[in-house]
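*Asks:* Quick one: the structure is below, questions incoming.
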Amino acid sequence: MADPIPATAAPLDAASARKVYVETYGCQMNVADTEVVTAILTRAGYGCVGTPEEADVILINTCAVREKAEERVIGRAAQLSGLRAHKPDLTIGILGCMAQHLAASLPKRAPFVDLVMGPDSYQRLPDILAQTSNEALLDVRLSRVENYVGIDGVRKSGTNAWVTIIRGCDKFCTFCIVPYVRGRERSLDPSEMLRQVTQSASEGFKEVTLLGQTVNSYRFLQTDFADLLRAVAAVDGIERVRFTSPYPKDFTDRAIEAIADLPEVCPALHLPVQSGSETQLERMQRGYSVTEYRDLVARLRTAVPDLSLSTDIIVGFCGESDQDFRRTLELMEEMRFDSAYMFKYSERSGTAAHRKLADDVPEELKRERLREIIDLQEQISLEVNQQWLGKSVQILVEGNSKRKTEEGSPNRFGRSAHGKVVVFPEQAEANSMRSVLVDRATSHTLYGSAADA
Ligand code: 5AD
């Protein structure tokens with residue numbers, strides 16, 4: 001490792017500061033965690049750089065939800081370790097859920113890694129990076145309390161501030177590794193949450209997204225999720241409030257009322273269903289039935305008639321019969337989700353499914369089923385998006401789109417309150433609101449021309 005610097009070092013001048021590059025995989029919570037890591041290291045005097053080639057320390061913040069993600073990260077870390085040819089003192093660390101999951105085996109599987117650190121240990125990063133050792137350094141203790149109080153993430157997005165309000169998960173769905181890698185559920189003190197939101201608003205953020213593995217399970221003494229939504233919506237300068245992901249079983253009427261009442265809360269929900277089969281939901285131990293999910297969506301749609309709804313679906317979970325799978329297709333047709341993240345079941349060691357259920361749907365069949373639901377969802381998304389044709393939507397402008405106009409000039413893009421990505425040709429400043437008339441729709445994107453803001 002390179003020369004140690006004390007954790008408490010005052011910020012160094014740009015030339016002499018050790019430079020850190022962080023790469024992020026997985027969910028929005030990981031994106032938010034990376035912002036926390038960046039804040040902790042900046043405070044300790046590190047400089048942040050945008051490419052691995054410039055860095056003295058490379059950190060990869062990882063996901064363990066599916067096996068493929070883990071394989072990708074190990075491959076990527078191996079590739080990055082090639083940079084040692086020019087920089088022998090380069091430190092490479094693996095952070096986050098996969099670090100937690102594979103703590104014991106990582107040093108063997110990825111001997112080029114110097115540091116393995118779980119999601120609750122980032123406060124110790126400066127100290128640990130300052131140690132010199134030839135052994136890989138390991139810190140995967142999980143916490144029962146929120147240990148990032150007082151830290152405002154160094155935000156990468158210029159338009160949306162992520163605020164993690166609840167960490168960990170107590171649901172123990174049989175397929176899922178999250179409770180094992182992120183530990184027990186714990187909610188952030190509402191006064192700290194408000195401090196973070198107010199701080200973001202004072203930095204110019206108009207949109208805030210509250211984060212948690214089961215975000216609506218939030219409770220801190222007498223404060224529940226509905227109270228929290230009302231408090232955030234009341235913060236001066238915050239025009240849009242989003243949250244992800246709510247857990248179907250924990251949706252209260254009070255939360256539904258708050259969403260319906262508060263103009264700041266966006267009418268867009270990501271509500272993971274996982275399967276349309278009662279048997280499969282039971283095997284997954286989701287704690288709700290298809291009927292209950294259906295009722296919840298009906299209540300939500302009554303309260304917020306134009307609600308945009310997205311979901312997560314797993315195909316090929318243990319014991320999934322053809323009939324179970326048909327039930328999922330039927331539910332998708334019935335719900336007409338705006339969009340869905342769709343996955344093949346990936347067995348994770350340590351979970352209840354791994355211990356007690358056979359991963360018995362052949363890979364080929366999982367792939368076929370995945371193809372089938374993706375095709376169906378593409379068609380539904382297209383039809384749902386076409387309902388926006390001819391309508392005017394308020395966009396929070398994010399920046400330049402990858403796709404250029406026919407004349408080759410840059411398109412801008414932003415997001416509507418309903419969570420749709422909208423691309424339009426006119427110049428507009430990032431983080432400004434813009435009204436766009438939609439004239440074309442694909443299954444993933446709306447296109448239009450900008451009217452007045
Ligand atoms: N295999 C496949 N998909 C999974 N997910 C969680 N665990 C697994 C697994 N073992 C999916 C679920 C969850 C999303 C974040 O990832 O759909 O909602």
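Ordering of the structure tokens sets the chain letters (A, B, ...), residue numbers begin anew at 1 in every chain, and ligands are numbered from 1 in the order given.
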Please build the interface table for chain A against ligand 1 with a cut-off of 6 Å, listing for each qualifying residue the nearest atom pair and the distance in Å to one decimal; count only C-alpha atoms and all ligand atoms, order rows by chain and increasing number, and write it as a tab-separated table.
*Replies:*
residue	atom	partner	partner_atom_place_in_ligand_line	distance
A:Val65	CA	ligand 1	7 (N)	4.9
A:Arg66	CA	ligand 1	1 (N)	5.3
A:Phe175	CA	ligand 1	10 (N)	4.7
A:Cys176	CA	ligand 1	7 (N)	4.2
A:Pro272	CA	ligand 1	18 (O)	5.5
A:Gln274	CA	ligand 1	17 (O)	5.5
A:Asp312	CA	ligand 1	17 (O)	4.4
A:Ile313	CA	ligand 1	17 (O)	5.0
A:Ile314	CA	ligand 1	17 (O)	5.3
A:Phe343	CA	ligand 1	3 (N)	5.1
A:Lys344	CA	ligand 1	2 (C)	5.3
A:Tyr345	CA	ligand 1	1 (N)	3.7
A:Ser346	CA	ligand 1	1 (N)	3.8
A:Glu347	CA	ligand 1	10 (N)	5.1
A:Arg348	CA	ligand 1	10 (N)	5.6
*Asks:* Show me, as a ChimeraX atom specification, the residues that have an atom within 12 Å of region 395-401 of chain A when counting only C-alpha atoms, minus same-chain residues fewer than 4 positions from it.
*Replies:* /A:156-160,205-207,239-240,405,408-438,445-453
*Asks:* Counting only C-alpha atoms, figure out which residue out of A:Arg254, A:Lys68, A:Arg326, A:Lys19 gets nearest to Gly47 (chain A).
*Replies:*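 The shortest atom-to-atom distance to Gly47 (chain A) comes from A:Lys19.
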*Asks:* Which residues, written as a VMD selection string, have at least one atom at most 12 Å from Ile74 (chain A), with only C-alpha atoms counted and residues fewer than 6 positions away on the same chain left out?
*Replies:* chain A and resid 25 60 to 64 67 to 68 80 to 81 92 to 95 98 to 99 102 105 to 113
*Asks:* A:Asn385, A:Thr51, A:Thr351, A:Asn216: which is nearest Met284 (chain A), counting only C-alpha atoms?
*Replies:*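 When distances to Met284 (chain A) are compared using only C-alpha atoms, the smallest one comes from A:Thr351.
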*Asks:* Rounded to one decimal in Å, what is the spacing between CA of Thr174 (chain A) and CA of Lys366 (chain A)?
*Replies:* 18.1 Å
*Asks:* Taking the DSSP secondary structure from the backbone, can you list the residues of region 338-410 of chain A that are alpha helix (DSSP H), as a ChimeraX atom specification?
*Replies:* /A:352-356,363-386
*Asks:* Could you pull the residues within 7 Å of Ala39 (chain A), counting only C-alpha atoms, minus those fewer than 3 positions along the same chain, as a PyMOL selection string?
*Replies:* chain A and resi 35-36+42-43+152-154
*Asks:* Skipping near chain neighbours, those fewer than 6 positions away, what residues fall within 6 Å of Ser381 (chain A) using only C-alpha atoms, listed as a list in words?
*Replies:*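 The residues that qualify are Asp338, Ser339 and Ser443 of chain A.
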*Asks:* Quick one: of A:Ala233, A:Val116, A:Val215, A:Met335, who's nearest to Asp261 (chain A), counting only C-alpha atoms?
*Replies:*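 Once distances to Asp261 (chain A) are computed over only C-alpha atoms, the minimum belongs to A:Ala233.
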*Asks:* Can you pull out the residues contacting Leu129 (chain A)? Cut-off 12 Å, using only C-alpha atoms, and skip same-chain residues under 2 positions away; I want them as a PyMOL selection string.
*Replies:* chain A and resi 1-7+18-20+41+44+46+56-59+90-93+114-117+122-127+131-133+136-139
*Asks:* Go ahead and save the picked residues with N, CA, C and O atoms, as a compact mmCIF listing (two decimals), in the first residue's frame.
*Replies:*
# COMPACT_ATOMS: atom_id res chain seq x y z
N MET A 1 0.84 -1.20 0.00
CA MET A 1 0.00 0.00 0.00
C MET A 1 0.87 1.25 0.00
O MET A 1 2.02 1.23 0.39
N ALA A 2 0.28 2.35 -0.40
CA ALA A 2 1.03 3.60 -0.45
C ALA A 2 1.24 4.14 0.96
O ALA A 2 0.73 3.61 1.92
N ASP A 3 2.00 5.22 1.05
CA ASP A 3 2.28 5.81 2.36
C ASP A 3 0.99 6.10 3.11
O ASP A 3 0.05 6.63 2.55
N PRO A 4 0.97 5.77 4.40
CA PRO A 4 -0.25 6.04 5.16
C PRO A 4 -0.46 7.53 5.39
O PRO A 4 0.50 8.27 5.54
N ILE A 5 -1.72 7.95 5.39
CA ILE A 5 -2.01 9.30 5.87
C ILE A 5 -3.00 9.18 7.00
O ILE A 5 -3.90 8.36 6.95
N PRO A 6 -2.81 9.98 8.05
CA PRO A 6 -3.73 9.85 9.18
C PRO A 6 -5.15 10.23 8.80
O PRO A 6 -5.36 11.11 7.96
N ALA A 7 -6.12 9.57 9.43
CA ALA A 7 -7.52 9.79 9.09
C ALA A 7 -7.94 11.22 9.35
O ALA A 7 -8.82 11.74 8.71
N ARG A 18 -3.99 12.06 -1.75
CA ARG A 18 -4.18 10.74 -2.36
C ARG A 18 -5.50 10.76 -3.10
O ARG A 18 -6.48 11.33 -2.63
N LYS A 19 -5.53 10.13 -4.23
CA LYS A 19 -6.72 10.24 -5.09
C LYS A 19 -7.50 8.94 -5.08
O LYS A 19 -6.94 7.86 -5.19
N VAL A 20 -8.81 9.09 -4.95
CA VAL A 20 -9.66 7.92 -4.87
C VAL A 20 -10.67 7.92 -6.02
O VAL A 20 -11.18 8.97 -6.42
N LEU A 41 -14.23 10.25 2.71
CA LEU A 41 -12.84 10.31 2.25
C LEU A 41 -12.41 11.74 1.92
O LEU A 41 -11.27 12.12 2.15
N ALA A 44 -11.44 13.36 4.95
CA ALA A 44 -10.14 12.89 5.45
C ALA A 44 -8.99 13.34 4.56
O ALA A 44 -7.85 12.91 4.75
N TYR A 46 -8.77 13.14 1.06
CA TYR A 46 -8.61 12.51 -0.26
C TYR A 46 -9.16 13.41 -1.36
O TYR A 46 -10.13 14.14 -1.14
N ASP A 56 -5.05 6.59 -6.70
CA ASP A 56 -4.15 5.80 -5.83
C ASP A 56 -4.94 4.72 -5.11
O ASP A 56 -4.40 3.74 -4.65
N VAL A 57 -6.25 4.99 -4.97
CA VAL A 57 -7.14 4.03 -4.30
C VAL A 57 -8.37 3.83 -5.19
O VAL A 57 -9.02 4.80 -5.58
N ILE A 58 -8.64 2.56 -5.52
CA ILE A 58 -9.84 2.27 -6.32
C ILE A 58 -10.79 1.47 -5.44
O ILE A 58 -10.40 0.44 -4.87
N LEU A 59 -12.01 1.95 -5.30
CA LEU A 59 -13.00 1.24 -4.49
C LEU A 59 -14.16 0.84 -5.39
O LEU A 59 -14.64 1.64 -6.20
N LEU A 90 -0.89 0.96 -5.85
CA LEU A 90 -2.34 1.12 -6.01
C LEU A 90 -3.10 0.22 -5.02
O LEU A 90 -2.80 -0.97 -4.89
N THR A 91 -4.07 0.81 -4.31
CA THR A 91 -4.91 0.04 -3.39
C THR A 91 -6.25 -0.24 -4.07
O THR A 91 -6.87 0.67 -4.62
N ILE A 92 -6.69 -1.51 -4.01
CA ILE A 92 -7.99 -1.85 -4.59
C ILE A 92 -8.87 -2.43 -3.49
O ILE A 92 -8.47 -3.36 -2.78
N GLY A 93 -10.05 -1.85 -3.32
CA GLY A 93 -10.97 -2.31 -2.27
C GLY A 93 -12.31 -2.69 -2.82
O GLY A 93 -12.80 -2.09 -3.78
N ASP A 114 -7.03 -5.55 -1.87
CA ASP A 114 -6.35 -5.22 -0.60
C ASP A 114 -7.31 -5.05 0.56
O ASP A 114 -6.91 -5.10 1.71
N LEU A 115 -8.57 -4.74 0.23
CA LEU A 115 -9.49 -4.30 1.28
C LEU A 115 -10.90 -4.80 0.97
O LEU A 115 -11.36 -4.69 -0.17
N VAL A 116 -11.54 -5.37 2.00
CA VAL A 116 -12.90 -5.87 1.84
C VAL A 116 -13.73 -5.25 2.96
O VAL A 116 -13.42 -5.47 4.14
N MET A 117 -14.74 -4.47 2.61
CA MET A 117 -15.45 -3.74 3.66
C MET A 117 -16.96 -3.73 3.44
O MET A 117 -17.44 -3.39 2.36
N TYR A 122 -18.04 2.17 6.69
CA TYR A 122 -17.34 3.19 5.91
C TYR A 122 -16.71 4.30 6.74
O TYR A 122 -15.76 4.95 6.30
N GLN A 123 -17.23 4.53 7.96
CA GLN A 123 -16.60 5.54 8.81
C GLN A 123 -15.14 5.17 9.09
O GLN A 123 -14.32 6.03 9.40
N ARG A 124 -14.84 3.88 9.03
CA ARG A 124 -13.47 3.44 9.35
C ARG A 124 -12.55 3.42 8.13
O ARG A 124 -11.38 3.06 8.25
N LEU A 125 -13.10 3.78 6.97
CA LEU A 125 -12.28 3.72 5.75
C LEU A 125 -10.97 4.49 5.85
O LEU A 125 -9.90 3.94 5.55
N PRO A 126 -11.00 5.77 6.31
CA PRO A 126 -9.73 6.50 6.35
C PRO A 126 -8.70 5.80 7.22
O PRO A 126 -7.53 5.68 6.83
N ASP A 127 -9.12 5.30 8.39
CA ASP A 127 -8.18 4.59 9.27
C ASP A 127 -7.61 3.36 8.60
O ASP A 127 -6.42 3.09 8.65
N GLN A 131 -3.61 2.09 7.10
CA GLN A 131 -2.78 0.99 7.60
C GLN A 131 -1.96 0.39 6.47
O GLN A 131 -2.42 0.32 5.34
N THR A 132 -0.78 -0.06 6.80
CA THR A 132 0.01 -0.77 5.80
C THR A 132 0.03 -2.23 6.20
O THR A 132 0.29 -2.58 7.34
N SER A 133 -0.27 -3.08 5.26
CA SER A 133 -0.29 -4.51 5.56
C SER A 133 -0.18 -5.26 4.25
O SER A 133 -0.62 -4.79 3.21
N ALA A 136 -4.85 -8.87 3.05
CA ALA A 136 -6.06 -8.11 2.72
C ALA A 136 -6.73 -7.68 4.02
O ALA A 136 -6.81 -8.44 4.97
N LEU A 137 -7.19 -6.43 4.08
CA LEU A 137 -7.83 -5.92 5.29
C LEU A 137 -9.34 -6.14 5.19
O LEU A 137 -9.94 -5.86 4.16
N LEU A 138 -9.90 -6.62 6.28
CA LEU A 138 -11.28 -7.04 6.26
C LEU A 138 -12.06 -6.31 7.34
O LEU A 138 -11.64 -6.27 8.49
N ASP A 139 -13.20 -5.70 6.98
CA ASP A 139 -14.06 -5.11 8.01
C ASP A 139 -15.50 -5.28 7.58
O ASP A 139 -16.00 -4.55 6.72
*Asks:* For Ser308 (chain A), which residue among A:Ser217, A:Gln387, A:Ser275, A:Asn147 is the nearest when counting only C-alpha atoms?
*Replies:* A:Gln387
*Asks:* Between CA of Asp306 (chain A) and CA of Val163 (chain A), what is the distance in Å, rounded to a tenth?
*Replies:*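 If I compute the distance from CA of Asp306 (chain A) to CA of Val163 (chain A), I get 25.8 Å.
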*Asks:* Closest to Pro248 (chain A) among A:Arg299, A:Arg186, A:Arg230, A:Arg72, using only C-alpha atoms?
*Replies:*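 Looking at the shortest contact to Pro248 (chain A), the residue is A:Arg299.
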*Asks:* Among region 128-164 of chain A, which ones does DSSP place in strand (DSSP E), written as a ChimeraX atom specification?
*Replies:* /A:137-139,160-164
*Asks:* Just the residues within 9 Å of Tyr288 (chain A), please, counting only C-alpha atoms, with nothing from its chain fewer than 6 positions along; format it as a VMD selection string.
*Replies:* chain A and resid 248 to 249 278 281 to 282
*Asks:* Quote the spacing between CA of Asp89 (chain A) and CA of Val73 (chain A) in Å to one decimal place.
*Replies:*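 About the pair CA of Asp89 (chain A) and CA of Val73 (chain A): they are 20.9 Å apart.
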